[in-house]
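A.B. asks: What follows is final10.cif; its format and atoms are mmCIF, C-alpha atoms.
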data_final
#
loop_
_atom_site.label_atom_id
_atom_site.label_comp_id
_atom_site.auth_asym_id
_atom_site.auth_seq_id
_atom_site.Cartn_x
_atom_site.Cartn_y
_atom_site.Cartn_z
CA MET A 216 0.00 0.00 0.00
CA LYS A 217 1.25 3.47 -0.90
CA LEU A 218 1.27 5.88 2.03
CA SER A 219 0.94 9.62 1.50
CA ILE A 220 1.31 12.81 3.48
CA HIS A 221 0.71 16.48 2.68
CA PRO A 222 3.88 18.07 1.19
CA ASN A 223 3.89 20.92 3.72
CA ALA A 224 3.62 18.47 6.62
CA ARG A 225 6.36 16.30 5.11
CA GLU A 226 8.72 19.26 4.88
CA HIS A 227 7.94 20.40 8.43
CA TYR A 228 8.43 16.94 9.97
CA ASP A 229 11.69 16.42 8.09
CA ARG A 230 13.03 19.65 9.59
CA GLU A 231 12.01 18.52 13.08
CA ALA A 232 13.74 15.18 12.54
CA ASP A 233 16.93 16.92 11.40
CA LEU A 234 16.90 18.92 14.63
CA LEU A 235 16.49 15.71 16.64
CA VAL A 236 19.70 14.33 15.14
CA THR A 237 21.60 17.39 16.42
CA ARG A 238 20.34 16.57 19.93
CA VAL A 239 21.69 13.02 19.95
CA ARG A 240 24.28 12.97 22.73
CA GLU A 241 26.22 10.73 25.04
CA ALA A 242 24.13 9.31 27.86
CA PRO A 243 24.07 11.69 30.85
CA GLU A 244 25.54 10.43 34.08
CA GLU A 245 22.17 9.56 35.62
CA PHE A 246 21.48 7.21 32.69
CA GLN A 247 24.84 5.44 32.99
CA LYS A 248 24.38 4.17 36.52
CA GLU A 249 24.62 0.43 36.91
CA ASN A 250 21.40 -1.36 37.74
CA PRO A 251 21.36 -2.83 41.25
CA PRO A 252 22.20 -6.53 41.40
CA PRO A 253 19.16 -8.79 41.07
CA ASN A 254 17.74 -10.62 44.06
CA PRO A 255 19.82 -13.81 44.30
CA ASP A 256 16.70 -15.78 45.24
CA LEU A 257 14.87 -14.87 42.01
CA HIS A 258 14.20 -17.91 39.81
CA ILE A 259 15.05 -17.38 36.13
CA ASP A 260 12.28 -19.10 34.17
CA SER A 261 13.78 -18.72 30.71
CA SER A 262 16.57 -17.06 28.76
CA VAL A 263 16.34 -15.10 25.51
CA SER A 264 18.93 -15.02 22.76
CA VAL A 265 19.15 -11.65 21.04
CA THR A 266 20.74 -11.09 17.67
CA GLY A 267 21.45 -7.82 15.91
CA GLU A 268 22.09 -4.42 17.44
CA VAL A 269 20.54 -3.80 20.83
CA SER A 270 19.17 -0.41 21.82
CA THR A 271 18.62 0.55 25.43
CA GLY A 272 15.56 2.20 26.92
CA TRP A 273 14.76 3.81 30.27
CA PHE A 274 11.33 3.91 31.88
CA ASP A 275 9.69 6.15 34.45
CA SER A 276 7.55 4.96 37.36
CA ASP A 277 4.49 4.78 35.06
CA GLY A 278 6.27 2.43 32.68
CA ASP A 279 6.65 5.05 29.94
CA VAL A 280 9.88 5.20 27.94
CA ILE A 281 11.75 8.43 28.73
CA ALA A 282 15.00 7.79 26.85
CA ARG A 283 16.51 5.59 24.13
CA ALA A 284 20.16 4.98 23.34
CA PHE A 285 22.44 2.90 21.16
CA TYR A 286 26.06 1.88 21.54
CA GLU A 287 28.64 3.80 19.57
CA GLY A 288 31.77 1.98 20.64
CA LYS A 289 31.88 1.91 24.43
CA PRO A 290 29.71 4.94 25.29
CA MET A 291 25.97 5.09 24.69
CA PHE A 292 24.42 7.82 22.58
CA GLY A 293 20.76 8.65 22.20
CA LEU A 294 17.88 10.95 23.06
CA PHE A 295 17.11 11.62 26.71
CA GLY A 296 14.35 13.33 28.67
CA GLU A 297 12.74 16.19 26.74
CA ASP A 298 14.71 15.31 23.61
CA TYR A 299 13.11 11.87 23.51
CA ALA A 300 9.72 13.39 24.38
CA ASP A 301 10.05 15.51 21.22
CA LEU A 302 10.61 12.33 19.21
CA LEU A 303 7.34 10.95 20.63
CA ARG A 304 5.53 14.18 19.75
CA LEU A 305 6.89 14.01 16.21
CA ALA A 306 5.73 10.39 15.88
CA GLU A 307 2.24 11.34 17.06
CA LYS A 308 1.98 14.16 14.52
CA LEU A 309 3.29 11.93 11.75
CA LYS A 310 0.74 9.24 12.57
CA LYS A 311 -2.14 11.74 12.35
CA SER A 312 -0.91 13.03 8.99
CA ILE A 313 -0.33 9.72 7.19
CA ARG A 314 -3.03 8.59 4.77
CA PRO A 315 -4.75 6.19 4.87
CA ARG A 316 -5.33 6.69 8.60
CA ASP A 317 -4.10 4.08 11.07
CA ALA A 318 -2.12 2.19 8.43
CA ALA A 319 0.92 2.55 10.70
CA SER A 320 0.94 2.32 14.49
CA LEU A 321 2.50 4.88 16.81
CA LYS A 322 4.81 2.16 18.14
CA THR A 323 6.16 1.39 14.66
CA LEU A 324 6.66 5.06 13.78
CA ILE A 325 8.57 5.69 17.02
CA GLU A 326 10.90 2.81 16.17
CA LEU A 327 11.40 4.04 12.61
CA ILE A 328 12.13 7.66 13.62
CA PHE A 329 14.62 6.54 16.28
CA ASP A 330 16.30 4.18 13.81
CA TRP A 331 16.51 7.02 11.28
CA CYS A 332 18.10 9.32 13.88
CA LYS A 333 20.62 6.64 14.77
CA GLN A 334 21.62 6.02 11.15
CA LYS A 335 21.73 9.74 10.35
CA TYR A 336 23.95 10.39 13.38
CA ARG A 337 26.35 7.75 12.10
CA GLY A 338 26.53 9.51 8.75
CA ALA A 339 24.51 7.02 6.70
CA ASN A 340 23.31 8.18 3.28
CA ILE A 341 19.56 7.72 3.75
CA PRO A 342 16.46 9.60 2.53
CA PRO A 343 14.76 12.29 4.63
CA MET A 344 12.93 10.97 7.70
CA VAL A 345 9.38 10.97 6.32
CA THR A 346 10.42 9.25 3.10
CA TYR A 347 12.46 6.71 5.10
CA ALA A 348 9.57 5.99 7.49
CA LEU A 349 6.95 5.64 4.77
CA GLU A 350 9.10 3.55 2.44
CA THR A 351 10.14 1.24 5.28
CA CYS A 352 6.56 0.88 6.47
CA GLU A 353 4.84 0.35 3.12
CA PRO A 354 6.04 -3.26 2.52
CA LEU A 355 4.72 -4.22 5.96
CA ILE A 356 1.19 -3.14 5.12
CA LYS A 357 -0.94 -6.03 3.96
CA ALA A 358 -4.04 -7.97 4.95
CA HIS A 359 -3.52 -9.60 8.34
CA GLU A 360 -6.01 -12.19 9.57
CA ILE A 361 -6.02 -11.81 13.34
CA TRP A 362 -7.54 -14.24 15.81
CA ILE A 363 -8.03 -13.06 19.39
CA PRO A 364 -9.09 -15.92 21.69
CA ILE A 365 -11.91 -15.03 24.08
CA SER A 366 -11.51 -16.30 27.62
CA HIS A 367 -14.03 -18.89 28.84
CA LEU A 368 -16.17 -18.64 25.68
CA TYR A 369 -17.12 -21.76 23.72
CA ILE A 370 -19.32 -21.96 20.63
CA GLU A 371 -20.94 -24.73 18.62
CA SER A 372 -20.61 -23.13 15.20
CA PRO A 373 -18.91 -20.11 13.66
CA PHE A 374 -21.05 -16.97 13.44
CA ARG A 375 -20.62 -13.36 12.34
CA PHE A 376 -21.39 -10.43 14.62
CA GLY A 377 -20.60 -7.03 13.19
CA SER A 378 -17.23 -7.20 11.44
CA ILE A 379 -16.10 -10.06 13.68
CA VAL A 380 -16.41 -13.77 12.89
CA PHE A 381 -16.33 -16.01 15.94
CA ARG A 382 -14.56 -19.31 15.29
CA ALA A 383 -13.21 -22.07 17.51
CA VAL A 384 -9.47 -22.71 17.87
CA THR A 385 -9.47 -26.38 16.86
CA LYS A 386 -7.21 -29.29 17.80
CA LYS A 387 -6.37 -29.66 14.10
CA MET A 388 -5.05 -26.07 14.01
CA MET A 389 -2.86 -26.67 17.06
CA ASP A 390 -1.57 -29.98 15.68
CA GLU A 391 -0.64 -28.36 12.36
CA TRP A 392 1.05 -25.48 14.18
CA MET A 393 3.18 -27.96 16.12
CA GLU A 394 4.10 -29.88 12.99
CA SER A 395 5.18 -26.71 11.20
CA TRP A 396 7.56 -25.88 14.06
CA LEU A 397 8.85 -29.45 14.38
CA GLN A 398 10.02 -29.31 10.76
CA HIS A 399 12.62 -26.75 11.81
CA ALA A 400 13.72 -28.57 14.98
CA LYS A 401 17.00 -30.41 14.49
CA THR A 402 18.01 -31.77 17.87
CA ALA A 403 16.16 -33.72 20.53
CA GLU A 404 16.38 -30.67 22.78
CA GLU A 405 14.78 -28.43 20.13
CA ILE A 406 12.02 -30.99 19.49
CA HIS A 407 11.30 -31.18 23.20
CA GLY A 408 11.22 -27.40 23.43
CA VAL A 409 8.75 -27.11 20.53
CA ARG A 410 6.43 -29.73 21.98
CA LEU A 411 6.58 -28.15 25.42
CA GLY A 412 5.89 -24.67 24.06
CA ILE A 413 2.96 -25.66 21.84
CA GLU A 414 1.41 -27.84 24.56
CA LYS A 415 1.59 -24.92 26.98
CA ARG A 416 -0.30 -22.76 24.50
CA ARG A 417 -2.69 -25.60 23.63
CA LYS A 418 -3.89 -25.69 27.23
CA ARG A 419 -4.69 -21.97 27.10
CA ILE A 420 -6.45 -21.61 23.75
CA GLN A 421 -7.52 -24.94 22.24
CA ALA A 422 -11.33 -25.13 21.81
CA LEU A 423 -11.82 -21.50 22.88
CA ALA A 424 -13.85 -19.22 20.67
CA ALA A 425 -11.72 -16.64 18.91
CA ALA A 426 -12.86 -13.30 17.54
CA THR A 427 -11.39 -13.12 14.04
CA ILE A 428 -11.04 -10.18 11.69
CA THR A 429 -8.92 -9.28 8.66
CA VAL A 430 -7.25 -5.88 8.88
CA TYR A 431 -5.20 -4.13 6.20
CA ALA A 432 -2.30 -2.38 7.96
CA GLU A 433 1.21 -3.00 9.25
CA PRO A 434 1.27 -5.71 11.98
CA ASP A 435 1.21 -3.53 15.10
CA SER A 436 -1.50 -1.24 13.75
CA ALA A 437 -3.48 -4.25 12.52
CA TYR A 438 -3.52 -5.71 16.02
CA GLU A 439 -4.47 -2.37 17.61
CA LYS A 440 -7.39 -1.94 15.21
CA ALA A 441 -8.45 -5.56 15.62
CA PHE A 442 -8.36 -5.42 19.42
CA LYS A 443 -10.43 -2.24 19.51
CA GLU A 444 -13.11 -3.78 17.29
CA VAL A 445 -13.06 -7.09 19.16
CA ASP A 446 -13.32 -5.44 22.56
CA LYS A 447 -16.38 -3.43 21.48
CA THR A 448 -18.05 -6.41 19.81
CA VAL A 449 -17.46 -8.81 22.72
CA SER A 450 -18.77 -6.16 25.12
CA LEU A 451 -22.06 -6.06 23.21
CA LEU A 452 -22.16 -9.85 23.07
CA ARG A 453 -21.86 -9.97 26.88
CA PHE A 454 -25.29 -8.30 27.10
CA PHE A 455 -26.63 -11.81 26.52
CA SER A 456 -24.54 -13.47 29.25
CA PRO A 457 -26.63 -15.09 32.02
CA THR A 458 -24.27 -13.55 34.58
CA ASN A 459 -26.05 -10.21 34.07
CA LEU A 460 -28.94 -11.50 36.18
CA SER A 461 -26.98 -12.72 39.19
CA PRO A 462 -25.31 -10.52 41.85
CA ARG A 463 -22.64 -13.15 42.57
CA GLN A 464 -21.80 -14.40 39.08
CA VAL A 465 -18.97 -13.02 36.95
CA CYS A 466 -18.44 -13.31 33.21
CA TYR A 467 -14.81 -13.82 32.21
CA SER A 468 -15.41 -13.65 28.45
CA THR A 469 -12.99 -10.95 27.37
CA PRO A 470 -9.97 -11.04 25.05
CA LEU A 471 -7.74 -13.70 26.58
CA GLY A 472 -5.27 -12.19 29.03
CA SER A 473 -7.59 -9.45 30.28
CA GLN A 474 -10.13 -11.62 32.11
CA HIS A 475 -8.76 -10.74 35.59
CA GLU A 476 -9.37 -14.00 37.42
CA ASP A 477 -8.61 -13.60 41.11
CA ARG A 478 -6.61 -16.48 42.55
CA TYR A 479 -5.29 -17.28 45.99
CA VAL A 480 -1.94 -18.80 46.88
CA TYR A 481 -0.69 -19.57 50.37
CA LEU A 482 1.86 -21.79 52.05
CA LEU A 483 1.74 -23.77 55.27
CA VAL A 484 5.13 -23.58 56.95
CA ASP A 485 6.38 -25.63 59.92
CA ASN A 486 9.72 -24.68 61.51
CA GLY A 487 10.75 -22.78 58.41
CA GLN A 488 9.92 -25.64 56.02
CA ILE A 489 7.08 -25.60 53.47
CA THR A 490 4.64 -28.40 54.25
CA HIS A 491 1.71 -27.51 51.99
CA TYR A 492 1.08 -25.36 48.93
CA ASN A 493 -2.51 -24.28 48.28
CA SER A 494 -3.90 -22.34 45.34
CA GLY A 495 -7.12 -21.89 43.45
CA PHE A 496 -9.69 -19.41 42.20
CA LYS A 497 -11.28 -17.04 44.69
CA HIS A 498 -14.51 -16.60 42.78
CA LYS A 499 -16.84 -19.59 42.53
CA SER A 500 -18.53 -18.34 39.39
CA LEU A 501 -19.75 -20.05 36.25
CA PRO A 502 -16.49 -21.37 34.77
CA VAL A 503 -17.43 -21.05 31.11
CA TRP A 504 -19.96 -19.48 28.80
CA ASN A 505 -21.31 -22.01 26.33
CA LEU A 506 -22.86 -19.94 23.59
CA THR A 507 -24.95 -22.57 21.82
CA ASN A 508 -26.68 -22.44 18.45
CA GLN A 509 -30.00 -22.38 20.31
CA HIS A 510 -28.92 -19.26 22.20
CA LEU A 511 -28.04 -17.57 18.93
CA THR A 512 -31.45 -18.54 17.54
CA ASP A 513 -33.28 -17.26 20.62
CA TRP A 514 -31.51 -13.88 20.38
CA SER A 515 -31.40 -13.70 16.59
CA SER A 516 -33.60 -10.57 16.35
CA GLU A 517 -31.49 -8.57 18.81
CA LEU A 518 -28.20 -9.88 17.42
CA THR A 519 -29.27 -8.96 13.88
CA VAL A 520 -29.97 -5.36 14.89
CA LEU A 521 -26.66 -5.01 16.75
CA HIS A 522 -24.84 -6.70 13.87
CA THR A 523 -26.24 -4.07 11.50
CA LEU A 524 -25.37 -1.18 13.81
CA LEU A 525 -21.80 -2.41 14.24
CA GLN A 526 -21.31 -2.27 10.49
CA LYS A 527 -22.91 1.13 9.88
CA GLU A 528 -20.52 3.97 9.14
CA GLU A 529 -22.93 6.63 10.40
CA LEU A 530 -25.33 6.15 13.31
CA THR A 531 -28.18 8.32 14.52
CA ASP A 532 -27.77 9.99 17.91
CA PHE A 533 -30.15 7.44 19.41
CA GLN A 534 -28.33 4.46 17.90
CA SER A 535 -25.00 5.74 19.20
CA SER A 536 -26.47 6.23 22.67
CA VAL A 537 -27.89 2.71 22.71
CA LEU A 538 -24.55 1.14 21.75
CA ASP A 539 -22.70 3.27 24.30
CA ALA A 540 -25.18 2.31 27.03
CA LEU A 541 -24.92 -1.40 26.26
CA ILE A 542 -21.10 -1.26 26.26
CA LEU A 543 -21.18 0.52 29.62
CA TYR A 544 -23.65 -2.04 30.90
CA SER A 545 -21.38 -4.90 29.81
CA ARG A 546 -18.98 -3.98 32.61
CA THR A 547 -21.64 -5.21 35.05
CA SER A 548 -20.98 -8.81 34.08
CA LEU A 549 -17.22 -8.38 34.62
CA ALA A 550 -17.49 -6.79 38.08
CA LYS A 551 -16.73 -9.10 40.99
CA HIS A 552 -18.27 -7.05 43.80
CA VAL A 553 -22.03 -6.59 43.95
CA SER A 554 -21.66 -2.90 44.83
CA ASP A 555 -19.59 -2.34 41.69
CA LYS A 556 -22.19 -4.15 39.60
CA LEU A 557 -24.84 -1.76 40.87
CA VAL A 558 -22.74 1.28 40.01
CA TYR A 559 -22.04 0.09 36.45
CA MET A 560 -25.71 -0.69 35.86
CA LEU A 561 -26.91 2.69 37.05
CA VAL A 562 -24.29 4.56 35.02
CA ALA A 563 -25.41 2.70 31.89
CA LEU A 564 -29.10 3.32 32.62
CA GLU A 565 -28.56 7.01 33.30
CA SER A 566 -26.61 7.40 30.06
CA ILE A 567 -29.66 6.39 28.01
CA PHE A 568 -32.71 7.14 30.17
CA LEU A 569 -31.68 10.55 31.50
CA LYS A 570 -32.27 13.42 29.07
CA ASP A 571 -29.88 15.93 30.63
CA ARG A 572 -28.20 16.92 33.90
CA ASN A 573 -31.11 19.09 34.94
CA GLU A 574 -33.56 16.21 35.25
CA GLN A 575 -34.41 14.62 38.58
CA ILE A 576 -32.50 11.37 38.40
CA THR A 577 -34.31 8.77 40.50
CA ASP A 578 -37.88 9.64 39.50
CA ASN A 579 -37.14 9.87 35.77
CA ILE A 580 -34.97 6.75 35.60
CA SER A 581 -37.44 4.61 37.56
CA LEU A 582 -40.46 5.86 35.54
CA ARG A 583 -38.77 5.36 32.17
CA MET A 584 -37.50 1.91 33.09
CA ALA A 585 -41.04 0.97 34.10
CA PHE A 586 -42.44 2.24 30.78
CA MET A 587 -39.88 0.18 28.83
CA GLN A 588 -41.53 -3.02 30.04
CA ASN A 589 -44.88 -4.20 28.73
CA VAL A 590 -46.45 -4.87 32.14
CA SER A 591 -49.46 -3.84 34.21
CA VAL A 592 -49.71 -0.61 36.20
CA THR A 593 -49.24 -2.57 39.43
CA GLN A 594 -46.05 -4.14 38.09
CA ARG A 595 -44.81 -0.75 36.97
CA ARG A 596 -45.24 0.56 40.50
CA GLU A 597 -43.18 -2.41 41.75
CA ILE A 598 -40.43 -1.62 39.22
CA ILE A 599 -40.35 2.05 40.30
CA SER A 600 -40.14 1.01 43.95
CA ASN A 601 -37.34 -1.44 43.22
CA VAL A 602 -35.33 1.13 41.23
CA LYS A 603 -35.59 3.66 44.07
CA LYS A 604 -34.39 1.04 46.55
CA ALA A 605 -31.44 0.29 44.26
CA TYR A 606 -30.53 3.98 44.23
CA SER A 607 -30.65 4.00 48.03
CA LEU A 608 -28.19 1.10 48.06
CA ARG A 609 -25.89 2.98 45.70
CA SER A 610 -26.06 6.10 47.83
CA ALA A 611 -25.15 4.12 50.95
CA TYR A 612 -22.19 2.60 49.09
CA ILE A 613 -20.92 5.73 47.31
CA HIS A 614 -21.43 8.27 50.07
CA HIS A 615 -21.07 6.18 53.22
CA GLY A 616 -18.96 3.21 52.15
CA GLN A 617 -21.63 0.70 53.17
CA PRO A 618 -21.32 -2.55 51.20
CA ILE A 619 -24.37 -4.38 49.92
CA GLY A 620 -25.30 -7.10 52.38
CA ILE A 621 -26.95 -10.47 51.90
CA ASP A 622 -30.43 -9.10 52.66
CA ASP A 623 -29.92 -6.33 50.12
CA GLU A 624 -29.07 -8.82 47.38
CA LYS A 625 -32.77 -9.64 46.92
CA ILE A 626 -33.32 -6.01 45.96
CA LEU A 627 -30.28 -6.10 43.67
CA LYS A 628 -31.27 -9.35 41.98
CA CYS A 629 -34.70 -7.92 41.18
CA PHE A 630 -33.08 -4.71 39.97
CA MET A 631 -30.67 -6.61 37.69
CA LEU A 632 -33.64 -8.26 36.01
CA ASN A 633 -35.43 -4.92 35.68
CA ALA A 634 -32.31 -3.30 34.24
CA TRP A 635 -31.87 -6.01 31.61
CA ARG A 636 -35.55 -5.97 30.69
CA SER A 637 -35.43 -2.19 30.33
CA LEU A 638 -32.35 -2.16 28.13
CA ALA A 639 -33.30 -5.07 25.86
CA PRO A 640 -36.25 -3.24 24.19
CA LEU A 641 -33.85 -0.46 23.17
CA ILE A 642 -32.26 -2.81 20.63
CA PRO A 643 -35.28 -3.19 18.30
CA MET A 644 -35.97 0.54 18.72
CA ALA A 645 -32.43 1.22 17.47
CA ALA A 646 -33.35 -0.47 14.19
CA THR A 647 -35.64 2.50 13.46
CA ASP A 648 -34.83 6.11 12.63
CA ILE A 649 -36.02 7.41 16.00
CA THR A 650 -34.01 10.31 17.42
CA LYS A 651 -33.08 10.85 21.06
CA GLU A 652 -35.52 13.76 21.27
CA GLN A 653 -38.35 11.57 19.97
CA PHE A 654 -37.33 8.84 22.41
CA TYR A 655 -37.69 11.14 25.42
CA GLU A 656 -40.89 12.67 24.03
CA SER A 657 -42.44 9.21 23.88
CA PHE A 658 -42.06 8.86 27.65
CA GLU A 659 -43.69 12.24 28.24
CA THR A 660 -46.60 11.27 25.99
CA ARG A 661 -47.15 8.04 27.89
CA ARG A 662 -46.90 9.79 31.24
CA LEU A 663 -49.50 12.41 30.28
CA SER A 664 -51.81 9.81 28.74
CA GLY A 665 -51.89 7.98 32.09
#
Rewrite the structure of this file - the entire thing - as structure tokens.
C.D. replies:
Amino acid sequence: MKLSIHPNAREHYDREADLLVTRVREAPEEFQKENPPPNPDLHIDSSVSVTGEVSTGWFDSDGDVIARAFYEGKPMFGLFGEDYADLLRLAEKLKKSIRPRDAASLKTLIELIFDWCKQKYRGANIPPMVTYALETCEPLIKAHEIWIPISHLYIESPFRFGSIVFRAVTKKMMDEWMESWLQHAKTAEEIHGVRLGIEKRRKRIQALAAATITVYAEPDSAYEKAFKEVDKTVSLLRFFSPTNLSPRQVCYSTPLGSQHEDRYVYLLVDNGQITHYNSGFKHKSLPVWNLTNQHLTDWSSELTVLHTLLQKEELTDFQSSVLDALILYSRTSLAKHVSDKLVYMLVALESIFLKDRNEQITDNISLRMAFMQNVSVTQRREIISNVKKAYSLRSAYIHHGQPIGIDDEKILKCFMLNAWRSLAPLIPMAATDITKEQFYESFETRRLSG
């Protein structure tokens, strides 16, 4: 893919890059201090062999890179502090200016600009920075099929939701992956290492559902774009998780690695000697989410609407609000503490059922939630009462630090059902051209009509 940039921007960024080269310097004293010796009791799990030239980076307490250097003989030279920060700013501006958008990631551009500065400092005959970055990046841009396994999610058959196709990571795929690596293994040690490595990964991902998407970009940018789309799509899919109706259940179906499973580990020690090792999962929740074909059939109408909205380039204000509310609501299923579940639910409900900041919150939310359900007047009164009790629980938690107790969970369980039943009808409404203003007017009409 050919990348382009406005000529004026190209000229400006090239000048900034030339100035960066003049600021390459020997590492200041504070960056040359030896690292403290490692803890002698630390167990080294593996070793890594590195080939090629190694550059060195320094990080601040937040984990952000604040300096980069390379070896020029014995001393290190590079960009430090504000000089390196200017490189990051240049990379950010370059990323925004490149067309097509998001074809190159910020991470890749930072690496390319630093590499250009290093070569230019050494006197290499290379093109100007922008030309160098674009020409180096262009061959990397191609269609990448990315699979992101989803923790604890299993499916019967592949299905499409938005731009994502959910497929299972099969045993056949893992077997073929192992065989492809074994072809390059020469020694018994290498063969053992390949088998050990693949089997370790097999335990983590085999049979899991994976969210798959094809993205046209360089590898790092392709993953960033894929993850963003997958995270949004899986969040909407979690609206249909049964954990949304239980105060104590947690859904762990997120991109694998971000499921945040709490574990416990403790030792029993007698006279300084370990006698027992105990570990396990703290939360006794549903271990997996089996998303069957029957489930997909039962929810086909809602899934079809959301599928269409996920693929639309332009949404109405109401459609955008519905998607935002459902994504906010999806955090409810991930929360481990019942008080946190309540907060996430109410934030999501307020985002869609509250017209503006000037409205009375509790009365309007409870009334509109009641109107969203096709029930009798008596049942509506019960919904309104339950919503107001839920708000009292939130107030006690937010303002007074009082956790939700066992007796309060009956209120919360009823409220969770009311919340889900109030949000679900928004999905078919989002298939229409209704605006937010018309949505709120419909409640006022129903209220005045009795």
A.B. asks: What's around Ala634 (chain A) at 12 Å? Count only C-alpha atoms, leave out sequence neighbours fewer than 5 positions away in its own chain, and write the answer as an MDAnalysis selection string.
C.D. replies: chainID A and resid 454 459:461 540:541 544:545 547 556:557 559:565 567:568 580:581 583:585 587:588 598:599 601:602 605 627:629 639:641
A.B. asks: Translate the PyMOL selection byres ((chain A and resi 293) around 8) into a concrete residue list for this structure, as a PDB file with C-alpha atoms, in the frame of the given file.
C.D. replies:
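Output file part.pdb is given in full below:
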ATOM      1  CA  VAL A 239      21.690  13.020  19.950  1.00  0.00           C
ATOM      2  CA  ARG A 240      24.280  12.970  22.730  1.00  0.00           C
ATOM      3  CA  GLU A 241      26.220  10.730  25.040  1.00  0.00           C
ATOM      4  CA  ALA A 242      24.130   9.310  27.860  1.00  0.00           C
ATOM      5  CA  ALA A 282      15.000   7.790  26.850  1.00  0.00           C
ATOM      6  CA  ARG A 283      16.510   5.590  24.130  1.00  0.00           C
ATOM      7  CA  ALA A 284      20.160   4.980  23.340  1.00  0.00           C
ATOM      8  CA  PHE A 285      22.440   2.900  21.160  1.00  0.00           C
ATOM      9  CA  MET A 291      25.970   5.090  24.690  1.00  0.00           C
ATOM     10  CA  PHE A 292      24.420   7.820  22.580  1.00  0.00           C
ATOM     11  CA  LEU A 294      17.880  10.950  23.060  1.00  0.00           C
ATOM     12  CA  PHE A 295      17.110  11.620  26.710  1.00  0.00           C
ATOM     13  CA  LYS A 333      20.620   6.640  14.770  1.00  0.00           C
TER      14      LYS A 333
END
A.B. asks: List the spatial neighbours of region 616-620 of chain A as a ChimeraX atom specification - criterion: any atom at most 12 Å away, all atoms listed in the file, same-chain residues fewer than 2 positions off excluded.
C.D. replies: /A:462-463,552-558,604-614,622-628
A.B. asks: Between A:His221, A:Lys418, A:Lys570, A:His227, which residue has the minimum interatomic distance to Gln653 (chain A), considering only C-alpha atoms?
C.D. replies: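 Closest to Gln653 (chain A), using only C-alpha atoms: A:Lys570.
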A.B. asks: Do you have the CA of Met393 (chain A)-CA of Val409 (chain A) distance handy?
C.D. replies: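 Taking CA of Met393 (chain A) as the start and CA of Val409 (chain A) as the end point, the length is 7.2 Å.
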